[in-house]
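**Q** Take a look at the following structure, please.
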Amino acid sequence: AEELRATEAASLTIGGDPEREAAPLSLDSVIEIVLQGKPLKWERNCRRIRWCERGAAMISEQLSLAGKVAMVTGSGRGLGRAMALAMADAGADLVITARTLGEIESVGKEVEQRGRRAFVTPCDVTKTDDVESMMAKAIEALGRVDILVNNAGGSRRKPVLEMTDEEWHWVVDLNLTSTFICSRTVGRHMAVRKSGKVINIASGWGYRGLRNST
């Protein structure tokens with residue numbers, strides 16, 4: 001992803017044929033293509049993205065989520081939305097949740113347009129009561145949760161010397177505490193069923209610092 005951000009001329013070469021080269025792609029477009037199950041290969045030498053056309057159908061079959069129910073936190077926009085829609089394309093029903101009702105309602109409609117069920121509910125994933133209430137409603141609506149994607153997160157673009165205690169706790173709660181609360185709540189349900197997957201989404205900034213960001 002960092003290499004793609006640094007490359008203005010990144011483009012998609014379908015089947016490795018330069019003559020069929022598409023227009024330049026943004027990083028978000030590349031991510032959405034990957035999440036749709038279309039395998040891409042980043043080639044450093046020629047600074048191109050290669051779409052392995054022949055393997056796309058096989059990968060899609062292997063990644064089938066038919067009959068599964070997935071919960072994606074922070075799924076009203078960005079990567080959360082893209083993951084939710086990709087899972088719907090793969091056959092899963094979705095629990096769509098975030099703080100902004102209008103955004104998750106829009107994503108819920110997109111899921112239903114793909115022929116899948118969508119349960120939409122706003123939730124503050126940093127609060128145990130909210131998460132437990134969301135989980136109970138999701139079970140009532142869809143019967144179970146097979147997959148939890150802890151995607152909700154955020155940061156404050158401010159130097160550490162200027163950051164307040166409240167801002168620090170906001171970042172820690174949104175990125176870390178929410179993952180714990182959601183994993184514990186959904187995990188209890190999965191433990192009873194002896195089945196389930198938890199996927200935690202993290203940021204590349206966990207590996208390296210960003211100036212004026214904490």
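Ligands are numbered from 1 in the order shown, chains are lettered A, B, ... in the order of the structure tokens, and residues start at 1 in each chain.
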Env of segment 118-129 of chain A: 8 Å cut, atoms = only C-alpha atoms, seq-sep filter 4 positions within chain, self excluded. Answer as a PyMOL selection string.

**A** chain A and resi 73+93-101+104-105+108-109+111-112+133-134+138+141-142+152+173-174+177-178+181-182

**Q** A:Ser106, A:Thr185, A:Asn151, A:Gln113: which is nearest Asp130 of chain A, counting only C-alpha atoms?

**A**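 When distances to Asp130 of chain A are compared using only C-alpha atoms, the smallest one comes from A:Thr185.
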
**Q** Go through segment 68-166 of chain A and collect every residue that DSSP, computed from the backbone, puts in alpha helix (DSSP H); the answer should be as a ChimeraX atom specification.

**A** /A:78-89,101-113,128-142,165-166

**Q** Once DSSP has gone over the backbone, tell me which residues of segment 61-94 of chain A are in strand (DSSP E or B), as an MDAnalysis selection string.

**A** chainID A and resid 69:73 93:94

**Q** Kindly save the residues from that selection, with all heavy atoms included, as a CSV table (one decimal), in the first residue's frame.

**A**
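selection_38.csv written:
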```
chain,number,residue,atom,x,y,z
A,69,VAL,N,-23.0,-15.4,8.3
A,69,VAL,CA,-23.4,-14.0,8.7
A,69,VAL,C,-22.2,-13.3,9.2
A,69,VAL,O,-21.5,-13.8,10.1
A,69,VAL,CB,-24.5,-14.1,9.8
A,69,VAL,CG1,-24.8,-12.7,10.3
A,69,VAL,CG2,-25.7,-14.8,9.3
A,70,ALA,N,-21.9,-12.1,8.7
A,70,ALA,CA,-20.7,-11.4,9.0
A,70,ALA,C,-21.1,-10.0,9.7
A,70,ALA,O,-22.0,-9.4,9.2
A,70,ALA,CB,-19.8,-11.1,7.8
A,71,MET,N,-20.4,-9.7,10.7
A,71,MET,CA,-20.6,-8.3,11.4
A,71,MET,C,-19.3,-7.5,11.1
A,71,MET,O,-18.2,-8.0,11.4
A,71,MET,CB,-20.8,-8.5,12.9
A,71,MET,CG,-20.9,-7.2,13.6
A,71,MET,SD,-21.0,-7.4,15.5
A,71,MET,CE,-22.7,-8.1,15.6
A,72,VAL,N,-19.5,-6.3,10.5
A,72,VAL,CA,-18.4,-5.5,10.2
A,72,VAL,C,-18.6,-4.1,11.0
A,72,VAL,O,-19.5,-3.4,10.7
A,72,VAL,CB,-18.2,-5.2,8.7
A,72,VAL,CG1,-17.0,-4.3,8.5
A,72,VAL,CG2,-18.1,-6.5,8.0
A,73,THR,N,-17.7,-3.8,11.9
A,73,THR,CA,-17.8,-2.5,12.6
A,73,THR,C,-17.2,-1.4,11.7
A,73,THR,O,-16.3,-1.7,10.9
A,73,THR,CB,-17.1,-2.6,14.0
A,73,THR,OG1,-15.7,-2.7,13.8
A,73,THR,CG2,-17.6,-3.8,14.8
A,93,ASP,N,-24.7,-12.8,4.6
A,93,ASP,CA,-25.6,-11.7,5.1
A,93,ASP,C,-24.8,-10.9,6.1
A,93,ASP,O,-23.8,-11.3,6.7
A,93,ASP,CB,-26.7,-12.4,5.9
A,93,ASP,CG,-27.6,-13.2,4.9
A,93,ASP,OD1,-27.8,-12.8,3.8
A,93,ASP,OD2,-28.1,-14.3,5.4
A,94,LEU,N,-25.2,-9.6,6.3
A,94,LEU,CA,-24.4,-8.6,7.0
A,94,LEU,C,-25.1,-8.0,8.1
A,94,LEU,O,-26.2,-7.6,8.0
A,94,LEU,CB,-23.9,-7.6,6.0
A,94,LEU,CG,-22.6,-7.8,5.2
A,94,LEU,CD1,-21.4,-7.9,6.2
A,94,LEU,CD2,-22.6,-8.9,4.3
```

**Q** Could you check how far atom CA of Glu103 of chain A sits from atom CA of Glu167 of chain A, in Å to one decimal?

**A** 24.4 Å

**Q** Find the residue from A:Arg117, A:Lys68, A:Lys194, A:Arg208 that sits nearest to Asp146 of chain A; use only C-alpha atoms when measuring.

**A**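 Closest residue, counting only C-alpha atoms: A:Lys68.
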
**Q** Excluding Pro159 of chain A and any residue of its chain fewer than 5 positions from it, enumerate the residues within 12 Å of it, using only C-alpha atoms, and give them as a ChimeraX atom specification.

**A** /A:164,167-168,209-214

**Q** Would you export the selected residues with C-alpha atoms as a PDB file, in the first residue's frame, please?

**A**
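The result, written out as again-v9.pdb:
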```
ATOM      1  CA  THR A 164      -5.268  16.027  25.985  1.00  0.00           C
ATOM      2  CA  GLU A 167      -8.218  12.795  23.144  1.00  0.00           C
ATOM      3  CA  TRP A 168      -5.779  10.044  24.146  1.00  0.00           C
ATOM      4  CA  GLY A 209       5.173   6.971  13.176  1.00  0.00           C
ATOM      5  CA  LEU A 210       3.423   9.811  11.398  1.00  0.00           C
ATOM      6  CA  ARG A 211       4.476  13.369  12.041  1.00  0.00           C
ATOM      7  CA  ASN A 212       2.010  15.355  14.177  1.00  0.00           C
ATOM      8  CA  SER A 213      -0.191  12.327  14.757  1.00  0.00           C
ATOM      9  CA  THR A 214      -0.632  10.305  17.940  1.00  0.00           C
TER      10      THR A 214
END
```
